[in-house]
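Student: This is work.cif, which holds mmCIF, C-alpha atoms and all ligand atoms:
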```cif
data_data
loop_
_atom_site.label_atom_id
_atom_site.label_comp_id
_atom_site.auth_asym_id
_atom_site.auth_seq_id
_atom_site.Cartn_x
_atom_site.Cartn_y
_atom_site.Cartn_z
CA MET A 1 -4.88 24.47 13.78
CA LEU A 2 -4.26 25.34 10.19
CA LYS A 3 -6.87 27.45 8.57
CA ARG A 4 -8.09 25.63 5.56
CA THR A 5 -10.73 25.50 2.96
CA VAL A 6 -11.95 22.23 1.57
CA LEU A 7 -12.60 22.66 -2.09
CA LEU A 8 -13.01 20.36 -4.94
CA VAL A 9 -10.48 21.38 -7.51
CA LEU A 10 -13.27 21.93 -9.98
CA LEU A 11 -14.70 24.66 -7.83
CA ALA A 12 -11.35 26.10 -6.90
CA PHE A 13 -10.16 26.64 -10.42
CA GLY A 14 -13.19 26.24 -12.58
CA ALA A 15 -11.30 23.51 -14.41
CA PRO A 16 -13.01 21.41 -17.03
CA PRO A 17 -14.38 18.25 -15.45
CA ALA A 18 -11.88 15.93 -17.09
CA PHE A 19 -9.01 17.86 -15.57
CA ALA A 20 -7.91 16.87 -12.10
CA GLU A 21 -11.23 15.26 -11.56
CA GLY A 22 -11.76 13.44 -8.29
CA VAL A 23 -8.61 14.64 -6.55
CA LYS A 24 -9.25 14.98 -2.84
CA GLY A 25 -7.37 18.06 -1.90
CA VAL A 26 -7.38 20.69 0.76
CA ILE A 27 -5.91 23.98 -0.36
CA LEU A 28 -4.79 26.18 2.50
CA ASP A 29 -6.14 29.71 2.48
CA GLU A 30 -2.74 30.91 3.50
CA PRO A 31 0.35 28.72 2.93
CA SER A 32 1.45 27.41 6.31
CA PRO A 33 5.20 27.78 6.98
CA ILE A 34 7.09 24.70 8.13
CA ALA A 35 9.06 25.32 11.31
CA PRO A 36 12.83 24.67 11.20
CA PHE A 37 13.76 21.02 11.81
CA THR A 38 16.87 18.84 11.68
CA LEU A 39 16.54 15.36 10.25
CA VAL A 40 18.84 13.07 8.25
CA ASP A 41 18.28 11.62 4.82
CA GLN A 42 18.82 8.00 3.74
CA ALA A 43 22.51 8.69 3.11
CA GLY A 44 22.94 10.13 6.59
CA GLU A 45 23.22 13.70 5.29
CA PRO A 46 21.45 16.46 7.19
CA PHE A 47 17.98 17.24 5.92
CA THR A 48 16.61 20.52 7.19
CA LEU A 49 14.19 23.22 6.14
CA GLU A 50 16.90 24.36 3.71
CA GLN A 51 16.45 21.18 1.67
CA LEU A 52 12.82 22.13 1.13
CA LYS A 53 13.72 25.51 -0.28
CA GLY A 54 14.00 26.30 -3.97
CA ARG A 55 11.74 23.53 -5.25
CA TRP A 56 8.33 22.06 -4.67
CA SER A 57 8.08 19.01 -2.42
CA LEU A 58 5.55 16.29 -1.74
CA ILE A 59 5.94 15.03 1.82
CA PHE A 60 4.42 11.74 2.91
CA LEU A 61 4.58 10.40 6.44
CA GLY A 62 4.88 6.65 6.96
CA PHE A 63 7.10 3.77 8.04
CA THR A 64 9.21 1.26 6.14
CA HIS A 65 7.54 -1.83 7.59
CA CYS A 66 4.16 -0.68 6.34
CA PRO A 67 3.15 -3.40 3.88
CA ASP A 68 0.11 -1.95 2.20
CA VAL A 69 -0.67 1.76 2.35
CA CYS A 70 2.89 3.17 2.22
CA PRO A 71 4.18 1.18 -0.77
CA PHE A 72 0.90 1.88 -2.54
CA THR A 73 1.15 5.61 -1.87
CA LEU A 74 4.84 5.83 -2.79
CA ALA A 75 4.29 3.93 -6.02
CA ASN A 76 1.44 6.28 -6.85
CA LEU A 77 3.51 9.35 -6.01
CA GLY A 78 6.22 8.05 -8.31
CA ALA A 79 3.61 7.76 -11.04
CA VAL A 80 2.34 11.28 -10.27
CA ARG A 81 5.89 12.55 -10.64
CA GLY A 82 6.13 10.71 -13.93
CA GLU A 83 3.00 12.46 -15.17
CA LEU A 84 4.31 15.82 -13.96
CA SER A 85 7.51 15.29 -15.92
CA GLN A 86 5.36 15.66 -19.04
CA LEU A 87 4.26 19.09 -17.84
CA VAL A 88 7.28 20.74 -16.24
CA THR A 89 11.01 20.85 -16.79
CA PRO A 90 13.11 18.44 -14.68
CA GLU A 91 14.37 21.15 -12.31
CA LYS A 92 10.79 22.07 -11.45
CA LEU A 93 9.72 18.52 -10.66
CA PRO A 94 8.68 18.24 -7.01
CA GLN A 95 10.94 16.16 -4.81
CA ILE A 96 9.19 13.32 -3.04
CA VAL A 97 10.06 13.12 0.64
CA PHE A 98 9.17 10.12 2.78
CA LEU A 99 9.18 11.04 6.47
CA ALA A 100 9.90 7.75 8.27
CA VAL A 101 8.39 8.04 11.74
CA ASP A 102 9.55 4.67 13.09
CA PRO A 103 13.33 5.23 13.32
CA ASP A 104 14.01 2.09 15.39
CA ARG A 105 13.05 -0.02 12.41
CA ASP A 106 13.39 2.56 9.62
CA ARG A 107 16.98 3.74 10.01
CA ALA A 108 18.70 0.52 8.96
CA VAL A 109 16.62 -0.07 5.84
CA LEU A 110 15.76 3.46 4.74
CA ALA A 111 18.38 3.72 1.96
CA ASP A 112 17.34 0.41 0.40
CA TYR A 113 13.70 1.25 0.88
CA VAL A 114 13.87 4.58 -0.89
CA ALA A 115 16.04 3.22 -3.72
CA HIS A 116 13.57 0.41 -4.18
CA PHE A 117 10.84 2.84 -5.15
CA ASP A 118 12.69 5.55 -6.96
CA LEU A 119 16.27 6.78 -6.73
CA ALA A 120 14.91 10.32 -6.85
CA PHE A 121 12.96 9.85 -3.61
CA VAL A 122 14.33 11.21 -0.36
CA GLY A 123 13.79 9.30 2.87
CA VAL A 124 14.23 11.25 6.08
CA THR A 125 14.16 10.29 9.71
CA GLY A 126 15.82 11.32 12.94
CA ASP A 127 15.23 11.71 16.63
CA ARG A 128 11.73 11.49 17.97
CA ARG A 129 11.65 15.18 18.85
CA ASP A 130 12.60 16.27 15.33
CA ILE A 131 10.23 13.82 13.69
CA ASP A 132 7.46 15.17 15.89
CA GLY A 133 8.39 18.74 15.01
CA LEU A 134 7.97 18.18 11.29
CA THR A 135 4.88 16.06 11.88
CA THR A 136 3.31 18.97 13.74
CA SER A 137 4.23 21.42 10.98
CA LEU A 138 2.56 19.08 8.50
CA ASP A 139 -0.53 18.95 10.70
CA GLY A 140 0.13 15.21 10.59
CA TYR A 141 -0.31 12.40 13.04
CA TYR A 142 1.21 9.03 13.84
CA SER A 143 1.14 6.54 16.67
CA LEU A 144 3.29 3.43 17.17
CA LYS A 145 1.04 0.57 18.19
CA LYS A 146 3.67 -1.36 20.14
CA ARG A 147 2.21 -4.11 22.28
CA GLY A 148 5.23 -4.45 24.51
CA GLU A 149 8.93 -3.81 24.68
CA HIS A 150 9.82 -6.75 22.46
CA ASP A 151 7.13 -6.28 19.86
CA LYS A 152 8.92 -6.05 16.50
CA ALA A 153 5.90 -6.39 14.24
CA TYR A 154 3.78 -3.47 15.41
CA ASP A 155 1.62 -1.34 13.18
CA VAL A 156 1.96 2.41 12.94
CA VAL A 157 -1.23 4.37 12.52
CA HIS A 158 -0.47 7.51 10.57
CA SER A 159 -1.93 10.34 8.50
CA ALA A 160 -2.68 9.40 4.94
CA ALA A 161 -2.35 12.92 3.56
CA VAL A 162 0.53 14.11 1.41
CA ALA A 163 1.62 17.72 1.90
CA PHE A 164 2.44 19.83 -1.13
CA VAL A 165 5.11 22.28 -0.05
CA THR A 166 6.12 25.45 -1.87
CA PRO A 167 9.71 26.35 -2.78
CA GLU A 168 9.55 28.73 0.19
CA GLY A 169 8.92 25.86 2.60
CA SER A 170 5.22 26.45 3.24
CA ILE A 171 2.41 23.96 2.91
CA ARG A 172 0.20 24.93 0.00
CA ALA A 173 -2.16 21.95 -0.07
CA LYS A 174 -2.77 18.53 1.33
CA ILE A 175 -3.99 15.68 -0.82
CA THR A 176 -5.44 12.39 0.32
CA PRO A 177 -5.85 8.98 -1.39
CA PRO A 178 -6.57 7.83 -3.98
CA PHE A 179 -3.69 9.47 -5.82
CA GLN A 180 -4.78 8.85 -9.36
CA PRO A 181 -1.54 9.74 -11.16
CA TYR A 182 -2.79 11.80 -14.09
CA ASN A 183 -5.43 13.76 -12.20
CA THR A 184 -3.20 14.37 -9.21
CA ALA A 185 -0.42 15.64 -11.48
CA ALA A 186 -2.88 18.01 -13.14
CA TYR A 187 -4.03 19.24 -9.73
CA LEU A 188 -0.49 19.92 -8.54
CA TYR A 189 0.50 21.49 -11.84
CA ARG A 190 -2.32 24.02 -11.48
CA LEU A 191 -1.08 25.00 -8.04
CA MET A 192 2.45 25.37 -9.34
CA ARG A 193 1.31 27.47 -12.27
CA GLU A 194 -0.80 29.62 -10.01
CA ALA A 195 2.23 30.41 -7.84
CA ASP A 196 4.60 30.84 -10.75
CA PRO A 197 2.85 31.51 -14.06
CA ASP A 198 6.10 31.16 -16.05
CA MET B 199 13.14 2.84 -10.77
CA ALA B 200 9.77 1.91 -9.48
CA LYS B 201 9.43 -1.84 -9.68
CA TYR B 202 5.73 -1.57 -9.92
CA HIS B 203 3.36 1.27 -10.28
CA LEU B 204 -0.15 2.18 -11.17
CA MET B 205 -1.43 -0.24 -8.63
CA VAL B 206 -4.57 1.83 -8.69
CA VAL B 207 -5.58 -0.46 -11.47
CA LEU B 208 -6.93 -3.18 -9.30
CA ALA B 209 -7.27 -6.77 -10.34
CA THR B 210 -10.03 -7.07 -12.84
CA VAL B 211 -12.81 -9.22 -11.64
CA THR B 212 -13.62 -11.66 -14.35
CA ALA B 213 -15.60 -14.09 -12.31
CA ALA B 214 -18.69 -15.26 -14.02
CA VAL B 215 -21.32 -16.31 -11.60
CA VAL B 216 -21.67 -19.98 -12.17
CA GLU B 217 -24.59 -22.06 -11.24
CA CYS B 218 -24.32 -23.69 -7.87
CA GLY B 219 -22.40 -26.91 -8.04
CA ALA B 220 -21.40 -26.48 -11.65
CA THR B 221 -17.75 -25.97 -10.84
CA LEU B 222 -17.60 -29.07 -8.73
CA ALA B 223 -17.38 -31.35 -11.71
CA SER B 224 -15.12 -29.13 -13.73
CA ALA B 225 -12.72 -28.49 -10.91
CA HIS B 226 -12.53 -32.21 -10.38
CA ASP B 227 -11.92 -32.91 -14.04
CA GLU B 228 -9.24 -30.29 -14.44
CA HIS B 229 -7.31 -30.92 -11.33
CA GLY B 230 -7.77 -34.59 -11.01
CA THR B 231 -6.72 -36.47 -8.02
CA HIS B 232 -7.91 -34.60 -4.94
CA ALA B 233 -11.35 -34.71 -3.54
CA ILE B 234 -13.13 -31.39 -3.89
CA SER B 235 -15.16 -30.23 -0.95
CA ALA B 236 -18.80 -29.33 -1.13
CA GLY B 237 -18.09 -25.66 -1.58
CA PRO B 238 -15.25 -24.81 -3.92
CA ALA B 239 -13.44 -21.54 -3.51
CA GLU B 240 -11.16 -20.11 -6.09
CA ILE B 241 -8.20 -17.74 -5.87
CA ARG B 242 -6.99 -15.79 -8.87
CA ASP B 243 -3.95 -13.66 -9.57
CA ALA B 244 -2.23 -13.84 -6.20
CA TRP B 245 0.68 -11.41 -6.01
CA SER B 246 2.84 -9.63 -3.50
CA PRO B 247 4.69 -6.38 -4.19
CA PRO B 248 8.48 -6.65 -4.29
CA SER B 249 10.10 -5.14 -1.23
CA PRO B 250 13.60 -4.11 -0.31
CA PRO B 251 15.71 -6.62 1.63
CA GLY B 252 15.44 -6.52 5.39
CA ILE B 253 11.73 -5.93 5.58
CA GLY B 254 10.00 -9.03 6.84
CA THR B 255 6.49 -7.70 6.43
CA ARG B 256 4.58 -7.97 3.19
CA ALA B 257 1.09 -7.90 1.77
CA VAL B 258 -0.57 -10.38 -0.57
CA TYR B 259 -3.37 -9.53 -2.96
CA PHE B 260 -5.71 -11.73 -5.00
CA THR B 261 -9.27 -12.26 -6.08
CA LEU B 262 -11.26 -14.73 -4.00
CA VAL B 263 -14.36 -16.29 -5.51
CA ASN B 264 -16.92 -18.31 -3.65
CA THR B 265 -18.22 -20.58 -6.36
CA ALA B 266 -20.38 -22.52 -3.95
CA CYS B 267 -24.10 -22.32 -3.17
CA ALA B 268 -23.41 -21.64 0.49
CA PRO B 269 -21.65 -18.80 2.29
CA LEU B 270 -17.89 -19.15 2.56
CA LYS B 271 -16.23 -18.12 5.80
CA VAL B 272 -12.51 -17.42 5.82
CA ILE B 273 -11.17 -17.54 9.36
CA GLY B 274 -7.45 -17.16 8.82
CA ALA B 275 -4.34 -18.01 6.86
CA GLU B 276 -0.88 -19.44 7.42
CA SER B 277 2.40 -19.90 5.60
CA LEU B 278 5.52 -21.91 6.34
CA ASP B 279 7.58 -18.94 5.16
CA PHE B 280 6.14 -16.45 7.66
CA ALA B 281 5.70 -16.39 11.40
CA GLN B 282 2.26 -14.88 11.15
CA VAL B 283 -0.40 -14.32 8.52
CA SER B 284 -3.54 -12.33 9.15
CA ILE B 285 -6.43 -10.88 7.22
CA HIS B 286 -6.22 -7.10 7.32
CA GLU B 287 -8.15 -4.23 5.95
CA SER B 288 -6.56 -0.83 5.41
CA SER B 289 -8.80 2.15 5.74
CA THR B 290 -8.57 5.88 6.04
CA ARG B 291 -10.70 7.49 8.69
CA ASN B 292 -10.52 11.21 9.31
CA GLY B 293 -7.37 11.32 7.25
CA ILE B 294 -5.62 8.65 9.32
CA ALA B 295 -4.49 5.44 7.63
CA MET B 296 -4.74 2.29 9.67
CA MET B 297 -4.98 -1.44 9.33
CA THR B 298 -7.67 -3.39 11.10
CA PRO B 299 -7.37 -7.16 11.55
CA ALA B 300 -10.42 -9.06 10.38
CA THR B 301 -11.07 -12.21 12.36
CA GLN B 302 -13.29 -13.61 9.67
CA LEU B 303 -14.56 -12.79 6.26
CA THR B 304 -17.80 -14.13 4.86
CA LEU B 305 -18.54 -14.39 1.17
CA THR B 306 -22.11 -15.02 0.10
CA ALA B 307 -22.84 -17.67 -2.53
CA GLY B 308 -21.19 -16.69 -5.78
CA GLU B 309 -19.54 -13.62 -4.31
CA THR B 310 -16.18 -12.31 -5.48
CA VAL B 311 -13.96 -10.30 -3.16
CA SER B 312 -10.88 -8.38 -4.25
CA PHE B 313 -7.88 -8.18 -1.98
CA ALA B 314 -6.19 -5.08 -3.35
CA PRO B 315 -3.76 -2.32 -2.31
CA GLY B 316 -5.25 0.14 0.13
CA GLY B 317 -7.99 -2.27 1.20
CA LEU B 318 -8.24 -5.95 2.09
CA HIS B 319 -4.94 -7.79 2.15
CA LEU B 320 -3.24 -10.74 3.72
CA MET B 321 -0.59 -9.34 5.99
CA LEU B 322 2.46 -11.55 6.33
CA MET B 323 4.91 -10.91 9.13
CA GLY B 324 8.20 -12.46 10.14
CA ALA B 325 9.50 -13.65 6.77
CA SER B 326 11.92 -16.56 6.98
CA ARG B 327 14.02 -14.98 4.19
CA ASN B 328 14.03 -12.27 1.54
CA PHE B 329 11.89 -12.87 -1.51
CA HIS B 330 12.94 -11.60 -4.90
CA GLU B 331 10.84 -10.55 -7.80
CA GLY B 332 9.46 -13.55 -9.66
CA GLU B 333 9.69 -15.89 -6.67
CA HIS B 334 6.67 -17.64 -5.24
CA PHE B 335 5.62 -18.65 -1.78
CA ARG B 336 2.71 -20.69 -0.52
CA ILE B 337 -0.14 -19.62 1.68
CA ARG B 338 -2.99 -21.62 3.11
CA LEU B 339 -6.34 -19.92 3.44
CA ILE B 340 -8.38 -21.52 6.20
CA PHE B 341 -12.17 -21.80 6.21
CA ASP B 342 -14.49 -22.19 9.14
CA ASP B 343 -15.30 -25.81 8.32
CA GLN B 344 -11.61 -26.71 8.81
CA ASP B 345 -11.25 -26.96 5.08
CA SER B 346 -8.55 -24.89 3.42
CA LEU B 347 -7.03 -23.80 0.14
CA VAL B 348 -3.32 -23.64 -0.60
CA PHE B 349 -2.19 -21.17 -3.22
CA GLU B 350 0.98 -19.56 -4.49
CA ALA B 351 1.62 -15.85 -4.52
CA THR B 352 4.11 -14.39 -6.97
CA VAL B 353 6.40 -11.56 -5.94
CA GLY B 354 6.02 -8.82 -8.51
CA GLY B 355 3.60 -6.24 -9.85
CA ALA B 356 -0.14 -6.62 -10.09
CA ALA B 357 0.22 -8.64 -13.27
CA ALA B 358 2.59 -11.08 -11.61
CA GLY B 359 -0.20 -13.30 -10.42
CA GLY B 360 -0.77 -14.35 -14.01
CA ASN B 361 -3.60 -16.67 -14.75
CA HIS B 362 -2.91 -19.20 -12.09
CA ASP B 363 -6.16 -20.17 -10.54
CA HIS B 364 -6.27 -22.16 -7.40
CA HIS B 365 -9.25 -24.20 -6.42
CA ARG B 366 -10.17 -25.24 -2.97
CA GLN B 367 -9.27 -28.77 -2.07
CA HIS B 368 -10.49 -31.00 0.65
CA LYS B 369 -8.39 -31.28 3.76
CA ASP B 370 -8.21 -35.04 3.38
CA GLY B 371 -6.22 -34.66 0.20
CA HIS B 372 -2.90 -34.27 1.99
CA PRO B 373 -3.22 -34.61 5.72
CA ASP B 374 0.44 -35.04 6.58
CA HIS B 375 1.96 -32.11 4.75
CA PRO B 376 -0.47 -29.28 4.97
CA LEU B 377 1.57 -26.90 2.84
CA ALA B 378 3.43 -29.42 0.78
CA GLU B 379 1.22 -29.25 -2.23
CA THR B 380 -0.33 -26.47 -4.17
CA GLY B 381 -3.94 -26.43 -5.02
CA GLY B 382 -5.19 -26.04 -8.53
CA SER B 383 -2.89 -25.52 -11.45
CU CU C 401 -1.83 -5.09 7.12
#
```
For the structure just supplied, provide its representation as structure tokens.

Tutor:
Amino acid sequence: MLKRTVLLVLLAFGAPPAFAEGVKGVILDEPSPIAPFTLVDQAGEPFTLEQLKGRWSLIFLGFTHCPDVCPFTLANLGAVRGELSQLVTPEKLPQIVFLAVDPDRDRAVLADYVAHFDLAFVGVTGDRRDIDGLTTSLDGYYSLKKRGEHDKAYDVVHSAAVAFVTPEGSIRAKITPPFQPYNTAAYLYRLMREADPD
Amino acid sequence: MAKYHLMVVLATVTAAVVECGATLASAHDEHGTHAISAGPAEIRDAWSPPSPPGIGTRAVYFTLVNTACAPLKVIGAESLDFAQVSIHESSTRNGIAMMTPATQLTLTAGETVSFAPGGLHLMLMGASRNFHEGEHFRIRLIFDDQDSLVFEATVGGAAAGGNHDHHRQHKDGHPDHPLAETGGS
């Protein structure tokens, strides 16, 4: 288990109440390193731990056939990124990574899916073993609720949290819905500033 | 580009609680020809987020108002454009997101319920085709007294539903073609 401290951002940083108010976040005492993994992105290019290095990332676990929570979260993360673009230079903007855990259905539509939300998003999937590896590193969870071999409309129960990953590839914090764009951006910006005051 | 965002701003509930029975007459006046059942229901701002091609699952959101004096029980929904429609509620428990089917939903007299992202939604599965932004499709909401309400959902952002209000109509209004006519406006 990851060692963690649950803190309201107000307590953690003594921020004024209007700043990052109401963001549900868990800041890890000690950033938790992500174990090496090999996945592929929506263009079929390899996506490994290396692709998490050198910039901040927001990683969200879901599936493309998710009609409610995933589109809602991705749209909100896009809006968070938009808010952050007011605060940091483009090269410091976190990349948004969608870990698609239902490859049987996700693979074929992943490129269109990601482009639909934001061309800057990265969608990654792969073999079950590799998906599970990253899921474990994220302290995440998912379960395919297939009701039989031919079930094509099954739900996937999955963690709602979004991991905020450092440019070194370690999880710094996990945030959970709602992802109010302005407040969430302020929350993330504080963590980025704390790690790199310039 | 994000086709829609800031869905956190949920549909504004503008329903004024009307006196029991008051909408009966007005609904009849406005929408003319069909008989209105004893307990009108109203649907406002029905919309469905755009989705990439190839995904046959989608959610529909709206505001449902029970303008009647009696409780309103929704027991299901159907659409000619989808193999299956169910009432779902998304929730997050212990950090895990899941959808739970609701077999029925009861609104007390005058109650307004919001179907909104991250919560209650109609879940549509097995789309007959891809729907593009700005297109509409019809859904029938079914009540426990066998009565129902047909409405149109617009594919687009939260504002896409516009001001189209749909009022409940009596089942006898169009017995042969259950989804052939829209209710309300
Ligand atoms: Cu659902």

Student: Taking the point (11.2, 25.4, 7.2) as given in the file, collect each protein or nucleic acid residue that comes within 7 Å of it, counting only C-alpha atoms, and present the set as a PyMOL selection string.

Tutor: chain A and resi 33-37+49-50+169

Student: Since we have the selection now, will you write its residues out, keeping C-alpha atoms, as a short mmCIF file (atom, residue, chain, number, x, y, z; two decimals), in the coordinates of the input?

Tutor:
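Here's the written file selection-v5.cif:
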```
data_model
loop_
_atom_site.label_atom_id
_atom_site.label_comp_id
_atom_site.auth_asym_id
_atom_site.auth_seq_id
_atom_site.Cartn_x
_atom_site.Cartn_y
_atom_site.Cartn_z
CA PRO A 33 5.20 27.78 6.98
CA ILE A 34 7.09 24.70 8.13
CA ALA A 35 9.06 25.32 11.31
CA PRO A 36 12.83 24.67 11.20
CA PHE A 37 13.76 21.02 11.81
CA LEU A 49 14.19 23.22 6.14
CA GLU A 50 16.90 24.36 3.71
CA GLY A 169 8.92 25.86 2.60
#
```

Student: Pick the closest to ligand CU 401 (chain C) from B:Leu305, B:Leu322, B:Ile253, B:Ala281: which is it, counting all atoms listed in the file?

Tutor: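 Closest residue, counting all atoms listed in the file: B:Leu322.
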
Student: Hey, which bits of chain A sit within 8 Å of chain B, and for each residue what's the closest pair of atoms and how far apart in Å (one decimal), counting all atoms listed in the file, rows by chain and increasing number, as a Markdown table?

Tutor:
```
| residue | atom | partner | partner_atom | distance |
| --- | --- | --- | --- | --- |
| A:Thr64 | CA | B:Ile253 | CA | 7.6 |
| A:His65 | CA | B:Thr255 | CA | 6.1 |
| A:Cys66 | CA | B:Thr255 | CA | 7.4 |
| A:Pro67 | CA | B:Arg256 | CA | 4.8 |
| A:Asp68 | CA | B:Pro315 | CA | 6.0 |
| A:Val69 | CA | B:Gly316 | CA | 5.3 |
| A:Phe72 | CA | B:Pro315 | CA | 6.3 |
| A:Ala75 | CA | B:His203 | CA | 5.1 |
| A:Asn76 | CA | B:Leu204 | CA | 6.2 |
| A:Gly78 | CA | B:Ala200 | CA | 7.2 |
| A:Ala79 | CA | B:His203 | CA | 6.5 |
| A:Val109 | CA | B:Gly252 | CA | 6.6 |
| A:Asp112 | CA | B:Pro250 | CA | 5.9 |
| A:Tyr113 | CA | B:Pro250 | CA | 5.5 |
| A:Ala115 | CA | B:Met199 | CA | 7.6 |
| A:His116 | CA | B:Pro250 | CA | 6.0 |
| A:Phe117 | CA | B:Ala200 | CA | 4.6 |
| A:Asp118 | CA | B:Met199 | CA | 4.7 |
| A:Leu119 | CA | B:Met199 | CA | 6.5 |
| A:Tyr141 | CA | B:Ile294 | CA | 7.5 |
| A:Ala153 | CA | B:Met323 | CA | 6.9 |
| A:Asp155 | CA | B:Met297 | CA | 7.6 |
| A:Val156 | CA | B:Met296 | CA | 7.5 |
| A:Val157 | CA | B:Met296 | CA | 5.0 |
| A:His158 | CA | B:Ala295 | CA | 5.4 |
| A:Ser159 | CA | B:Ile294 | CA | 4.1 |
| A:Ala160 | CA | B:Ala295 | CA | 5.1 |
| A:Ala161 | CA | B:Gly293 | CA | 6.4 |
| A:Thr176 | CA | B:Gly293 | CA | 7.3 |
| A:Pro178 | CA | B:Val206 | CA | 7.9 |
| A:Gln180 | CA | B:Val206 | CA | 7.1 |
| A:Pro181 | CA | B:Leu204 | CA | 7.7 |
```

Student: Nearest residue to ligand CU 401 (chain C) out of A:Ala185, A:Ala120, A:Cys70, A:Val165, using only C-alpha atoms and all ligand atoms?

Tutor: A:Cys70

Student: Do a neighbour search on A:Val101 at 9 Å with all atoms listed in the file, toss out local chain neighbours closer than 4 positions, and write the hits as a short mmCIF file (atom, residue, chain, number, x, y, z; two decimals) with C-alpha atoms, keeping the file's coordinate frame.

Tutor:
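The file below, selection23.cif, is the result:
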```
data_model
loop_
_atom_site.label_atom_id
_atom_site.label_comp_id
_atom_site.auth_asym_id
_atom_site.auth_seq_id
_atom_site.Cartn_x
_atom_site.Cartn_y
_atom_site.Cartn_z
CA LEU A 61 4.58 10.40 6.44
CA GLY A 62 4.88 6.65 6.96
CA PHE A 63 7.10 3.77 8.04
CA THR A 64 9.21 1.26 6.14
CA ASP A 106 13.39 2.56 9.62
CA VAL A 124 14.23 11.25 6.08
CA THR A 125 14.16 10.29 9.71
CA GLY A 126 15.82 11.32 12.94
CA ARG A 128 11.73 11.49 17.97
CA ILE A 131 10.23 13.82 13.69
CA ASP A 132 7.46 15.17 15.89
CA THR A 135 4.88 16.06 11.88
CA TYR A 142 1.21 9.03 13.84
CA SER A 143 1.14 6.54 16.67
CA LEU A 144 3.29 3.43 17.17
CA VAL A 156 1.96 2.41 12.94
CA HIS A 158 -0.47 7.51 10.57
#
```

Student: So the first atom is atom CA of B:Leu347 and the second is atom CA of B:Ala275; what is the distance between them in Å, to one decimal place?

Tutor: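 Atom CA of B:Ala275 lies at a distance of 9.3 Å from atom CA of B:Leu347.
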
Student: Looking at A:Gly82, A:Gly140, A:Gly123, A:Pro71, which one is nearest to ligand CU 401 (chain C), with distances taken over all atoms listed in the file?

Tutor: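 For ligand CU 401 (chain C), the nearest of the candidates is A:Pro71.
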
Student: Would you compute the distance between atom CA of A:Ala43 and atom CA of A:Ala108? Give it in Å to one decimal.

Tutor: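 For atom CA of A:Ala43 relative to atom CA of A:Ala108, the distance reads 10.7 Å.
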
Student: For atom CA of B:Arg338 and atom CA of B:Thr310, determine how far apart the two atoms are, in Å to one decimal place.

Tutor: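 It comes out at 18.3 Å.
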
Student: Excluding B:Gln302 and its own-chain neighbours fewer than 6 positions away, which residues fall within 8 Å of it when counting all atoms listed in the file? Please give them as a list of chain:residue names.

Tutor: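 Contacts, with the query itself left out: B:Lys271, B:Val272, B:Ile273, B:Gly274, B:Ile285.
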